[in-house]
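Q: model-v9.cif is the file, holding mmCIF, C-alpha atoms:
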```
data_query
#
loop_
_atom_site.label_atom_id
_atom_site.label_comp_id
_atom_site.auth_asym_id
_atom_site.auth_seq_id
_atom_site.Cartn_x
_atom_site.Cartn_y
_atom_site.Cartn_z
CA MET A 1068 88.86 70.94 83.41
CA VAL A 1069 86.93 68.04 84.98
CA ARG A 1070 88.17 69.20 88.38
CA PHE A 1071 86.91 72.73 87.70
CA PHE A 1072 83.39 71.67 86.68
CA THR A 1073 83.12 69.14 89.51
CA GLY A 1074 84.09 71.89 91.94
CA LEU A 1075 81.57 74.26 90.37
CA VAL A 1076 78.76 71.74 90.81
CA LEU A 1077 79.78 71.16 94.44
CA LEU A 1078 79.93 74.91 95.03
CA LEU A 1079 76.39 75.29 93.67
CA ALA A 1080 75.26 72.34 95.81
CA LEU A 1081 76.77 74.07 98.86
CA VAL A 1082 74.85 77.28 98.16
CA CYS A 1083 71.59 75.35 97.53
CA GLY A 1084 72.10 73.37 100.74
CA ALA A 1085 72.58 76.58 102.72
CA ILE A 1086 69.42 78.07 101.20
CA LEU A 1087 67.42 75.02 102.24
CA ILE A 1088 68.92 74.97 105.76
CA GLU A 1089 68.09 78.67 106.18
CA GLY A 1090 64.49 77.92 105.15
CA GLY A 1091 64.56 79.81 101.85
CA ASP A 1092 62.79 78.94 98.61
CA LEU A 1093 65.23 77.79 95.89
CA LEU A 1094 63.10 79.28 93.10
CA GLY A 1095 63.25 82.67 94.84
CA TYR A 1096 66.95 82.76 94.06
CA VAL A 1097 66.43 82.35 90.32
CA GLY A 1098 66.14 85.73 88.63
CA PHE A 1099 66.70 86.26 84.93
CA THR A 1100 66.75 90.08 85.29
CA ALA A 1101 69.38 89.88 88.03
CA PHE A 1102 71.42 87.52 85.87
CA MET A 1103 71.20 89.96 82.95
CA ILE A 1104 72.20 92.91 85.15
CA VAL A 1105 75.27 91.08 86.45
CA PHE A 1106 76.36 89.13 83.38
CA PHE A 1107 75.80 91.40 80.38
CA PRO A 1108 77.65 94.53 81.58
CA ALA A 1109 80.69 92.33 82.24
CA VAL A 1110 80.56 90.78 78.75
CA VAL A 1111 79.94 94.12 77.00
CA ALA A 1112 82.64 95.92 79.03
CA SER A 1113 85.20 93.18 78.33
CA LEU A 1114 84.39 93.30 74.60
CA ALA A 1115 84.94 97.05 74.70
CA VAL A 1116 88.48 96.45 75.99
CA TRP A 1117 89.60 93.19 74.36
CA LYS A 1118 88.89 91.34 71.12
CA ALA A 1119 86.52 88.35 71.17
CA ARG A 1120 89.49 86.17 70.21
CA ASP A 1121 91.39 87.30 73.34
CA LEU A 1122 88.38 86.46 75.52
CA GLY A 1123 88.20 83.02 73.92
CA GLN A 1124 91.90 82.52 74.64
CA ALA A 1125 91.29 83.58 78.27
CA PHE A 1126 88.75 80.76 78.57
CA ARG A 1127 91.16 78.31 76.96
CA ASP A 1128 94.01 79.44 79.24
CA ALA A 1129 91.82 78.94 82.31
CA LEU A 1130 90.15 75.71 81.28
CA GLY A 1131 92.61 73.80 79.19
CA GLU A 1132 94.94 74.65 76.33
CA HIS A 1133 97.54 77.03 77.65
CA GLY A 1134 98.57 79.55 74.98
CA GLY A 1135 101.97 80.53 76.45
CA ASP A 1136 103.20 83.16 78.89
CA HIS A 1137 102.17 86.15 76.75
CA SER A 1138 98.56 85.00 76.45
CA ALA A 1139 98.47 83.89 80.11
CA GLY A 1140 99.34 87.42 81.28
CA ARG A 1141 96.49 88.90 79.25
CA SER A 1142 94.09 86.16 80.40
CA VAL A 1143 94.90 86.88 84.04
CA ARG A 1144 94.10 90.58 83.45
CA ILE A 1145 90.83 89.64 81.72
CA TRP A 1146 89.70 87.44 84.61
CA ALA A 1147 90.71 90.05 87.18
CA PHE A 1148 88.64 92.57 85.20
CA TYR A 1149 85.64 90.17 85.12
CA GLU A 1150 85.89 89.61 88.86
CA ARG A 1151 85.67 93.32 89.64
CA VAL A 1152 82.91 93.98 87.13
CA PHE A 1153 80.83 91.12 88.56
CA TYR A 1154 81.03 92.55 92.08
CA LEU A 1155 80.20 96.06 90.86
CA SER A 1156 77.32 94.85 88.67
CA GLY A 1157 75.89 92.98 91.67
CA VAL A 1158 75.92 96.11 93.80
CA LEU A 1159 74.49 98.11 90.89
CA GLY A 1160 71.66 95.57 90.53
CA TRP A 1161 70.90 95.77 94.24
CA LEU A 1162 70.87 99.58 94.23
CA THR A 1163 68.55 99.60 91.21
CA GLY A 1164 66.20 97.23 93.03
CA VAL A 1165 66.25 99.32 96.21
CA VAL A 1166 65.52 102.54 94.30
CA LEU A 1167 62.58 100.88 92.54
CA ILE A 1168 61.22 99.42 95.79
CA LEU A 1169 61.50 102.67 97.73
CA GLY A 1170 59.97 104.60 94.84
CA THR A 1171 56.85 102.47 94.64
CA ARG A 1172 56.30 100.85 98.05
CA ALA A 1173 57.69 103.26 100.60
CA SER A 1174 54.37 103.49 102.44
CA ASP A 1175 53.87 99.72 102.50
CA THR A 1176 56.48 98.89 105.17
CA PRO A 1177 55.33 95.34 106.18
CA LEU A 1178 55.42 94.20 102.55
CA LEU A 1179 58.97 95.37 101.91
CA GLY A 1180 60.67 92.11 102.99
CA ARG A 1181 60.07 90.10 99.82
CA PRO A 1182 61.05 92.82 97.29
CA PHE A 1183 64.17 93.60 99.31
CA SER A 1184 64.96 89.90 99.31
CA ALA A 1185 64.57 89.79 95.50
CA SER A 1186 66.85 92.81 95.09
CA LEU A 1187 69.63 90.83 96.79
CA THR A 1188 69.61 88.22 94.01
CA ALA A 1189 71.87 90.43 91.83
CA VAL A 1190 74.42 90.77 94.66
CA ILE A 1191 74.45 87.00 95.22
CA TYR A 1192 75.01 86.42 91.49
CA GLY A 1193 77.72 89.09 91.50
CA VAL A 1194 79.60 87.52 94.42
CA PHE A 1195 79.17 83.98 93.06
CA PHE A 1196 80.39 84.89 89.56
CA GLY A 1197 83.15 86.96 91.16
CA ILE A 1198 84.38 83.91 93.07
CA VAL A 1199 84.26 81.80 89.88
CA ALA A 1200 86.18 84.52 87.95
CA ARG A 1201 88.79 84.59 90.74
CA ILE A 1202 89.22 80.82 90.49
CA LEU A 1203 89.59 81.10 86.69
CA ARG A 1204 92.15 83.89 87.16
CA TYR A 1205 94.28 81.67 89.42
CA ARG A 1206 93.94 78.80 86.92
CA ALA A 1207 95.04 81.02 84.03
CA GLU A 1208 97.90 82.32 86.15
CA ARG A 1209 99.05 78.84 86.86
CA GLY A 1210 98.40 77.38 83.44
CA VAL A 1211 96.47 74.43 84.80
CA ALA A 1212 95.30 71.98 82.17
CA MET B 947 103.17 74.88 115.16
CA GLY B 948 103.42 76.59 118.52
CA ARG B 949 102.72 79.99 116.94
CA LEU B 950 99.67 78.60 115.13
CA VAL B 951 98.22 77.18 118.33
CA LEU B 952 98.90 80.47 120.10
CA GLY B 953 97.17 82.44 117.32
CA ILE B 954 94.11 80.19 117.36
CA GLU B 955 93.95 80.37 121.15
CA LEU B 956 94.10 84.16 121.02
CA LEU B 957 91.28 84.24 118.50
CA ILE B 958 89.14 81.92 120.61
CA VAL B 959 89.79 84.09 123.69
CA VAL B 960 88.74 87.24 121.80
CA VAL B 961 85.55 85.55 120.56
CA ALA B 962 84.82 84.19 124.06
CA LEU B 963 85.31 87.61 125.64
CA ALA B 964 83.03 89.19 123.06
CA ALA B 965 80.36 86.56 123.74
CA LEU B 966 80.68 86.93 127.52
CA SER B 967 80.55 90.72 127.37
CA THR B 968 77.17 90.52 125.66
CA GLY B 969 75.93 88.14 128.36
CA SER B 970 75.13 85.32 125.96
CA ASP B 971 76.25 81.69 126.01
CA PHE B 972 78.38 79.96 123.36
CA THR B 973 75.71 77.66 121.91
CA PRO B 974 74.35 80.17 119.34
CA LEU B 975 77.90 80.64 118.04
CA VAL B 976 78.02 77.06 116.76
CA SER B 977 76.40 76.96 113.34
CA LEU B 978 76.89 74.75 110.29
CA PRO B 979 76.20 77.13 107.32
CA PRO B 980 78.82 79.75 108.29
CA LEU B 981 81.35 76.98 108.90
CA ALA B 982 80.56 75.44 105.51
CA PHE B 983 80.89 78.75 103.65
CA THR B 984 84.15 79.84 105.26
CA VAL B 985 85.83 76.42 105.08
CA ALA B 986 84.26 74.66 102.09
CA VAL B 987 84.28 77.62 99.64
CA PRO B 988 88.06 78.23 99.90
CA LEU B 989 88.79 74.51 99.99
CA LEU B 990 86.62 73.71 96.96
CA GLY B 991 87.96 76.73 95.09
CA GLY B 992 91.52 75.74 95.96
CA LEU B 993 90.96 72.20 94.68
CA MET B 994 89.55 73.65 91.45
CA ILE B 995 92.86 75.42 90.89
CA TRP B 996 95.57 73.26 92.44
CA LYS B 997 96.03 69.51 92.72
CA VAL B 998 95.25 67.73 96.01
CA THR B 999 98.95 67.03 96.51
CA GLU B 1000 99.78 70.74 96.15
CA VAL B 1001 97.10 71.79 98.64
CA ALA B 1002 98.35 69.06 100.99
CA ALA B 1003 101.91 70.41 100.57
CA ALA B 1004 100.66 73.88 101.57
CA PHE B 1005 99.20 72.37 104.76
CA ARG B 1006 102.43 70.46 105.42
CA ASP B 1007 104.45 73.66 104.96
CA ALA B 1008 102.22 75.54 107.40
CA PHE B 1009 102.34 72.83 110.06
CA SER B 1010 106.02 72.08 109.55
CA THR B 1011 108.49 72.59 112.37
CA GLU B 1012 111.51 72.84 110.08
CA TRP B 1013 112.79 75.43 107.65
CA ILE B 1014 111.28 75.20 104.17
CA VAL B 1015 114.15 75.04 101.71
CA ARG B 1016 112.24 74.47 98.47
CA ASP B 1017 110.26 77.08 96.53
CA ARG B 1018 107.30 77.99 98.74
CA SER B 1019 105.59 80.50 96.43
CA MET B 1020 102.77 78.07 95.59
CA SER B 1021 102.03 77.44 99.27
CA LEU B 1022 101.88 81.18 99.84
CA ARG B 1023 99.52 81.63 96.86
CA ILE B 1024 97.28 78.85 98.17
CA TRP B 1025 97.04 80.47 101.62
CA VAL B 1026 96.36 83.89 100.11
CA PHE B 1027 93.54 82.33 98.08
CA PHE B 1028 92.18 80.57 101.18
CA GLU B 1029 92.18 83.82 103.16
CA ARG B 1030 90.30 85.80 100.50
CA GLY B 1031 88.06 82.78 99.84
CA ALA B 1032 87.01 82.72 103.51
CA TYR B 1033 85.96 86.38 103.37
CA LEU B 1034 84.16 85.98 100.03
CA GLY B 1035 82.48 82.80 101.29
CA GLY B 1036 81.35 84.70 104.38
CA ILE B 1037 79.87 87.48 102.23
CA LEU B 1038 78.09 84.96 100.00
CA GLY B 1039 76.74 83.18 103.09
CA VAL B 1040 75.44 86.43 104.62
CA LEU B 1041 73.63 87.28 101.38
CA VAL B 1042 72.06 83.82 101.03
CA SER B 1043 71.00 83.82 104.67
CA VAL B 1044 69.63 87.37 104.72
CA MET B 1045 67.73 86.79 101.48
CA ALA B 1046 66.13 83.64 102.93
CA LEU B 1047 65.13 85.49 106.10
CA LEU B 1048 63.78 88.53 104.26
CA SER B 1049 61.65 86.36 101.99
CA ARG B 1050 59.94 84.89 105.09
CA ILE B 1051 58.87 88.25 106.53
CA GLY B 1052 55.12 88.37 106.95
CA GLN B 1053 54.77 84.57 106.99
CA PRO B 1054 53.77 82.51 110.07
CA GLY B 1055 56.70 82.08 112.48
CA SER B 1056 58.02 85.37 111.19
CA VAL B 1057 61.62 86.45 111.52
CA SER B 1058 62.75 89.37 113.62
CA THR B 1059 65.51 91.94 113.19
CA ARG B 1060 67.41 89.96 115.81
CA ASN B 1061 67.44 86.90 113.50
CA LEU B 1062 68.85 89.02 110.70
CA TRP B 1063 71.64 90.47 112.84
CA THR B 1064 72.45 87.02 114.26
CA ALA B 1065 72.87 85.66 110.72
CA VAL B 1066 75.05 88.59 109.65
CA GLY B 1067 77.08 88.41 112.87
CA LEU B 1068 77.64 84.65 112.67
CA PHE B 1069 78.82 84.67 109.07
CA GLY B 1070 80.99 87.70 109.78
CA LEU B 1071 82.47 86.06 112.88
CA TYR B 1072 83.31 82.82 111.08
CA ALA B 1073 84.74 84.70 108.07
CA VAL B 1074 87.03 86.78 110.30
CA LEU B 1075 87.98 83.77 112.43
CA PHE B 1076 88.92 81.52 109.50
CA GLY B 1077 90.31 84.38 107.39
CA THR B 1078 92.65 85.27 110.25
CA MET B 1079 93.59 81.64 110.76
CA TYR B 1080 94.49 81.24 107.07
CA ARG B 1081 96.47 84.47 107.31
CA ILE B 1082 98.40 83.11 110.29
CA LEU B 1083 99.15 79.89 108.34
CA ARG B 1084 100.38 82.00 105.41
CA GLY B 1085 102.57 83.95 107.80
CA ILE B 1086 104.03 80.72 109.20
CA VAL B 1087 104.94 79.51 105.68
CA ASP B 1088 106.48 82.90 104.95
CA VAL B 1089 108.52 82.95 108.17
CA LEU B 1090 109.65 79.33 107.80
CA SER B 1091 110.99 80.03 104.33
CA LYS B 1092 113.20 82.87 105.54
CA LYS B 1093 115.95 80.96 107.27
CA PRO B 1094 118.36 83.27 109.10
CA MET B 1095 121.68 83.75 107.26
CA ARG B 1096 123.70 82.59 110.27
CA GLU B 1097 122.02 79.17 110.11
CA LEU B 1098 122.58 78.63 106.40
CA ASP B 1099 125.20 76.19 105.23
CA LEU B 1100 126.95 78.12 102.47
CA THR B 1101 129.75 75.67 101.74
CA LEU B 1102 130.00 74.46 98.17
CA SER B 1103 130.19 70.68 98.35
CA PRO B 1104 132.32 68.72 95.82
CA ALA B 1105 129.09 67.19 94.46
CA PHE B 1106 127.65 70.68 93.88
CA LYS B 1107 130.83 71.81 92.11
CA GLN B 1108 130.78 68.73 89.89
CA ARG B 1109 127.04 68.97 89.12
CA TYR B 1110 127.37 72.53 87.80
CA SER B 1111 130.94 72.18 86.43
CA LEU B 1112 132.30 74.99 88.59
CA THR B 1113 136.05 75.70 88.57
CA GLU B 1114 138.08 76.06 91.78
CA ARG B 1115 138.48 79.80 91.20
CA GLU B 1116 134.74 80.31 90.60
CA CYS B 1117 134.04 78.47 93.84
CA GLU B 1118 136.50 80.64 95.77
CA VAL B 1119 134.97 83.82 94.38
CA ILE B 1120 131.36 82.84 94.91
CA ALA B 1121 132.04 81.52 98.44
CA LEU B 1122 133.28 84.99 99.42
CA ILE B 1123 130.37 86.71 97.64
CA LEU B 1124 127.89 84.50 99.51
CA ARG B 1125 129.51 85.57 102.77
CA GLY B 1126 128.61 89.15 101.98
CA ARG B 1127 131.93 90.44 100.58
CA ARG B 1128 131.88 93.15 97.95
CA TYR B 1129 133.48 92.72 94.53
CA ARG B 1130 136.34 95.05 95.51
CA GLU B 1131 137.02 93.12 98.74
CA VAL B 1132 137.02 89.78 96.88
CA ALA B 1133 139.40 91.22 94.27
CA GLU B 1134 141.81 92.42 96.99
CA GLU B 1135 141.65 89.13 98.89
CA LEU B 1136 142.31 86.94 95.85
CA PHE B 1137 144.71 89.35 94.11
CA ILE B 1138 142.58 89.62 90.96
CA SER B 1139 140.83 92.52 89.22
CA ILE B 1140 137.22 93.51 89.92
CA LYS B 1141 136.39 92.71 86.30
CA THR B 1142 137.64 89.13 86.77
CA VAL B 1143 135.54 88.76 89.92
CA LYS B 1144 132.47 89.92 88.01
CA THR B 1145 133.22 87.48 85.18
CA HIS B 1146 133.54 84.55 87.63
CA VAL B 1147 130.28 85.50 89.35
CA TYR B 1148 128.55 85.81 85.97
CA HIS B 1149 129.79 82.34 84.95
CA VAL B 1150 128.57 80.79 88.21
CA TYR B 1151 125.10 82.33 87.81
CA GLU B 1152 124.96 81.19 84.20
CA LYS B 1153 126.03 77.61 84.99
CA THR B 1154 123.58 77.31 87.87
CA SER B 1155 120.75 79.23 86.10
CA CYS B 1156 120.53 81.56 89.09
CA ARG B 1157 119.56 85.23 88.83
CA GLY B 1158 121.43 86.35 91.91
CA ARG B 1159 122.88 85.36 95.26
CA VAL B 1160 119.44 84.74 96.80
CA ASP B 1161 118.68 82.19 94.08
CA LEU B 1162 122.07 80.61 94.59
CA ILE B 1163 121.62 80.37 98.37
CA ARG B 1164 118.26 78.69 97.82
CA LEU B 1165 119.83 76.28 95.34
CA LEU B 1166 122.61 75.44 97.80
CA GLN B 1167 120.07 74.73 100.54
CA PHE B 1168 117.98 72.60 98.20
CA ASN B 1169 120.98 70.60 97.05
CA GLY B 1170 122.20 70.22 100.61
CA ASP B 1171 119.12 68.21 101.60
#
```
Please go through the file and, once you have read it, give me the structure as structure tokens.

A:
Amino acid sequence: MVRFFTGLVLLLALVCGAILIEGGDLLGYVGFTAFMIVFFPAVVASLAVWKARDLGQAFRDALGEHGGDHSAGRSVRIWAFYERVFYLSGVLGWLTGVVLILGTRASDTPLLGRPFSASLTAVIYGVFFGIVARILRYRAERGVA
Amino acid sequence: MGRLVLGIELLIVVVALAALSTGSDFTPLVSLPPLAFTVAVPLLGGLMIWKVTEVAAAFRDAFSTEWIVRDRSMSLRIWVFFERGAYLGGILGVLVSVMALLSRIGQPGSVSTRNLWTAVGLFGLYAVLFGTMYRILRGIVDVLSKKPMRELDLTLSPAFKQRYSLTERECEVIALILRGRRYREVAEELFISIKTVKTHVYHVYEKTSCRGRVDLIRLLQFNGD
């Protein structure tokens, strides 16, 4: 568990470092709407398929108390599901942003850079959460404490 | 090891040819962020899942010059994760980089389309390069774990027989089975019925906790070390 959270912090530090090296603004990467677009569909979709108790067990299987082979199999499926939904939600968020930009600013070509940049936030969140879900899937699969 | 070096050399040659064909030098190809994303993301992710010793064992397996006789499934899983991690890291890097460049459009020292394509190309290049390298390492582990049958030592040592409490008859039967004989052939050779052969084989698998002859061969190799 400690190893997982340490790795997560280092992963975030890596992304922040890359943003700074590339000359980006860290605050530009923080977007609550993008977070909502990526995170909530995944949570709602998973609750439509599994019970809240099963999702809780998936977290426990990935982060600590292993609930046995039966629960591990379900947890692996849950994390694999999360991974795919995160990627898809990211792309969905980006497409929504692009449609909105093109609908309102199509004639304002030089000013398109910043809104296009903001629309990519959802994809970045999607890929990042997707990577984290993949790591949790492997942990659940392995039953790492 | 030789195959790994050959694979890396081939990759470098392909990249060099691509760079030369576009008339550019190699300096722009050296960049820290793509390297960090395609190496650090899989490595960090791997260390979040497996212990350092297990990741180190995967490296040892890939750079080994001898046959791997123990269970190598974890090493294979680690290399599969590394390969996918390199591609995902590359995608994440492209997005971070492109977003940073897009947000600077219209500012002093503005970015051009060329900058954008360079960023995308560099991250893509590193992701493919490292992804392929991890794939080659996975392939090496896979190949090294498939020792040819002719090189396997399939003799049942006295220590092995004693450890698993195998009878002389069970050893005779299983030795023939491991050499590829069919139940009928074993029965004819030892003057026993096919049913008896099957019973002996079943007892051997039960005593050794093996699910079949592949498991038993692996166990023999492991115990032979």

Q: List the neighbours of segment 1183-1192 of chain A out to 6 Å using only C-alpha atoms; skip same-chain residues closer than 2 positions along the sequence, and give me the result as an mmCIF file with C-alpha atoms, keeping the file's coordinate frame.

A:
```cif
data_model
loop_
_atom_site.group_PDB
_atom_site.id
_atom_site.type_symbol
_atom_site.label_atom_id
_atom_site.label_comp_id
_atom_site.auth_asym_id
_atom_site.auth_seq_id
_atom_site.Cartn_x
_atom_site.Cartn_y
_atom_site.Cartn_z
ATOM 1 C CA ALA A 1101 69.380 89.880 88.030
ATOM 2 C CA GLY A 1157 75.890 92.980 91.670
ATOM 3 C CA VAL A 1158 75.920 96.110 93.800
ATOM 4 C CA GLY A 1160 71.660 95.570 90.530
ATOM 5 C CA TRP A 1161 70.900 95.770 94.240
ATOM 6 C CA GLY A 1164 66.200 97.230 93.030
ATOM 7 C CA GLY A 1180 60.670 92.110 102.990
ATOM 8 C CA ARG A 1181 60.070 90.100 99.820
ATOM 9 C CA VAL A 1194 79.600 87.520 94.420
ATOM 10 C CA PHE A 1195 79.170 83.980 93.060
ATOM 11 C CA PHE A 1196 80.390 84.890 89.560
ATOM 12 C CA MET B 1045 67.730 86.790 101.480
ATOM 13 C CA LEU B 1048 63.780 88.530 104.260
ATOM 14 C CA SER B 1049 61.650 86.360 101.990
#
```

Q: Take atom CA of Leu1068 of chain B and atom CA of Val1097 of chain A and report the distance between them in Å, one decimal.

A: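 Atom CA of Val1097 of chain A lies 25.1 Å from atom CA of Leu1068 of chain B.
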
Q: Residues of chain B within 10 Å of chain A, counting all atoms listed in the file - could you list those as a ChimeraX atom specification?

A: /B:978-980,982-983,986-997,1020,1023-1024,1027,1030-1031,1034-1035,1037-1052,1065

Q: In Å, rounded to a single decimal, give me how far atom CA of Gly1077 of chain B is from atom CA of Phe1028 of chain B.

A: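 Separation between atom CA of Phe1028 of chain B and atom CA of Gly1077 of chain B: 7.5 Å.
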
Q: Between atom CA of Gly1085 of chain B and atom CA of Thr984 of chain B, what is the distance in Å, rounded to a tenth?

A: 19.0 Å

Q: I'd like the residues picked by the PyMOL selection byres ((chain B and resi 1137-1154) around 12) written out as a PDB file with C-alpha atoms, keeping the file's coordinate frame, using the chain letters and numbers from the file.

A:
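Saved the output as result-v6.pdb:
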```pdb
ATOM      1  CA  LEU B1102     130.000  74.460  98.170  1.00  0.00           C
ATOM      2  CA  PHE B1106     127.650  70.680  93.880  1.00  0.00           C
ATOM      3  CA  LYS B1107     130.830  71.810  92.110  1.00  0.00           C
ATOM      4  CA  GLN B1108     130.780  68.730  89.890  1.00  0.00           C
ATOM      5  CA  ARG B1109     127.040  68.970  89.120  1.00  0.00           C
ATOM      6  CA  TYR B1110     127.370  72.530  87.800  1.00  0.00           C
ATOM      7  CA  SER B1111     130.940  72.180  86.430  1.00  0.00           C
ATOM      8  CA  LEU B1112     132.300  74.990  88.590  1.00  0.00           C
ATOM      9  CA  THR B1113     136.050  75.700  88.570  1.00  0.00           C
ATOM     10  CA  GLU B1114     138.080  76.060  91.780  1.00  0.00           C
ATOM     11  CA  ARG B1115     138.480  79.800  91.200  1.00  0.00           C
ATOM     12  CA  GLU B1116     134.740  80.310  90.600  1.00  0.00           C
ATOM     13  CA  CYS B1117     134.040  78.470  93.840  1.00  0.00           C
ATOM     14  CA  GLU B1118     136.500  80.640  95.770  1.00  0.00           C
ATOM     15  CA  VAL B1119     134.970  83.820  94.380  1.00  0.00           C
ATOM     16  CA  ILE B1120     131.360  82.840  94.910  1.00  0.00           C
ATOM     17  CA  ALA B1121     132.040  81.520  98.440  1.00  0.00           C
ATOM     18  CA  LEU B1122     133.280  84.990  99.420  1.00  0.00           C
ATOM     19  CA  ILE B1123     130.370  86.710  97.640  1.00  0.00           C
ATOM     20  CA  LEU B1124     127.890  84.500  99.510  1.00  0.00           C
ATOM     21  CA  ARG B1127     131.930  90.440 100.580  1.00  0.00           C
ATOM     22  CA  ARG B1128     131.880  93.150  97.950  1.00  0.00           C
ATOM     23  CA  TYR B1129     133.480  92.720  94.530  1.00  0.00           C
ATOM     24  CA  ARG B1130     136.340  95.050  95.510  1.00  0.00           C
ATOM     25  CA  GLU B1131     137.020  93.120  98.740  1.00  0.00           C
ATOM     26  CA  VAL B1132     137.020  89.780  96.880  1.00  0.00           C
ATOM     27  CA  ALA B1133     139.400  91.220  94.270  1.00  0.00           C
ATOM     28  CA  GLU B1134     141.810  92.420  96.990  1.00  0.00           C
ATOM     29  CA  GLU B1135     141.650  89.130  98.890  1.00  0.00           C
ATOM     30  CA  LEU B1136     142.310  86.940  95.850  1.00  0.00           C
ATOM     31  CA  SER B1155     120.750  79.230  86.100  1.00  0.00           C
ATOM     32  CA  CYS B1156     120.530  81.560  89.090  1.00  0.00           C
ATOM     33  CA  ARG B1157     119.560  85.230  88.830  1.00  0.00           C
ATOM     34  CA  GLY B1158     121.430  86.350  91.910  1.00  0.00           C
ATOM     35  CA  ARG B1159     122.880  85.360  95.260  1.00  0.00           C
ATOM     36  CA  VAL B1160     119.440  84.740  96.800  1.00  0.00           C
ATOM     37  CA  ASP B1161     118.680  82.190  94.080  1.00  0.00           C
ATOM     38  CA  LEU B1162     122.070  80.610  94.590  1.00  0.00           C
ATOM     39  CA  ILE B1163     121.620  80.370  98.370  1.00  0.00           C
ATOM     40  CA  ARG B1164     118.260  78.690  97.820  1.00  0.00           C
ATOM     41  CA  LEU B1165     119.830  76.280  95.340  1.00  0.00           C
ATOM     42  CA  LEU B1166     122.610  75.440  97.800  1.00  0.00           C
ATOM     43  CA  ASN B1169     120.980  70.600  97.050  1.00  0.00           C
TER      44      ASN B1169
END
```

Q: Please evaluate the PyMOL selection byres ((chain B and resi 1067) around 12) against the displayed coordinates and give the resulting residues as a CSV table (one decimal) with C-alpha atoms, in the coordinates of the input.

A:
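Ended up saving to out-v4.csv:
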```csv
chain,number,residue,atom,x,y,z
B,961,VAL,CA,85.6,85.6,120.6
B,964,ALA,CA,83.0,89.2,123.1
B,965,ALA,CA,80.4,86.6,123.7
B,974,PRO,CA,74.4,80.2,119.3
B,975,LEU,CA,77.9,80.6,118.0
B,977,SER,CA,76.4,77.0,113.3
B,980,PRO,CA,78.8,79.8,108.3
B,1036,GLY,CA,81.4,84.7,104.4
B,1037,ILE,CA,79.9,87.5,102.2
B,1039,GLY,CA,76.7,83.2,103.1
B,1040,VAL,CA,75.4,86.4,104.6
B,1043,SER,CA,71.0,83.8,104.7
B,1044,VAL,CA,69.6,87.4,104.7
B,1060,ARG,CA,67.4,90.0,115.8
B,1061,ASN,CA,67.4,86.9,113.5
B,1062,LEU,CA,68.8,89.0,110.7
B,1063,TRP,CA,71.6,90.5,112.8
B,1064,THR,CA,72.4,87.0,114.3
B,1065,ALA,CA,72.9,85.7,110.7
B,1066,VAL,CA,75.0,88.6,109.6
B,1068,LEU,CA,77.6,84.6,112.7
B,1069,PHE,CA,78.8,84.7,109.1
B,1070,GLY,CA,81.0,87.7,109.8
B,1071,LEU,CA,82.5,86.1,112.9
B,1072,TYR,CA,83.3,82.8,111.1
B,1073,ALA,CA,84.7,84.7,108.1
B,1074,VAL,CA,87.0,86.8,110.3
B,1075,LEU,CA,88.0,83.8,112.4
```

Q: Between A:Val1105, A:Ala1080, A:Val1143, A:Leu1094, which is the closest to Ser1156 of chain A once you count all atoms listed in the file?

A: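 Using all atoms listed in the file, the shortest distance to Ser1156 of chain A belongs to A:Val1105.
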
Q: Might you pull out every residue within 9 Å of segment 1119-1121 of chain A, with all atoms listed in the file counted and same-chain residues fewer than 5 positions away left off, and present them as a list in words?

A: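 That gives Ser1113, Leu1114, Phe1126, Ser1138, Arg1141, Ser1142 and Ile1145 of chain A.
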
Q: Using C-alpha atoms, can you export the residues from the last selection as an mmCIF file, keeping the file's coordinate frame?

A:
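Okay, this is what ended up in part-v7.cif:
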```
data_model
loop_
_atom_site.group_PDB
_atom_site.id
_atom_site.type_symbol
_atom_site.label_atom_id
_atom_site.label_comp_id
_atom_site.auth_asym_id
_atom_site.auth_seq_id
_atom_site.Cartn_x
_atom_site.Cartn_y
_atom_site.Cartn_z
ATOM 1 C CA SER A 1113 85.200 93.180 78.330
ATOM 2 C CA LEU A 1114 84.390 93.300 74.600
ATOM 3 C CA PHE A 1126 88.750 80.760 78.570
ATOM 4 C CA SER A 1138 98.560 85.000 76.450
ATOM 5 C CA ARG A 1141 96.490 88.900 79.250
ATOM 6 C CA SER A 1142 94.090 86.160 80.400
ATOM 7 C CA ILE A 1145 90.830 89.640 81.720
#
```

Q: Neighbours of Val1110 of chain A within 12 Å (only C-alpha atoms; same-chain residues fewer than 4 positions away dropped), as a count of residues only?

A: 20
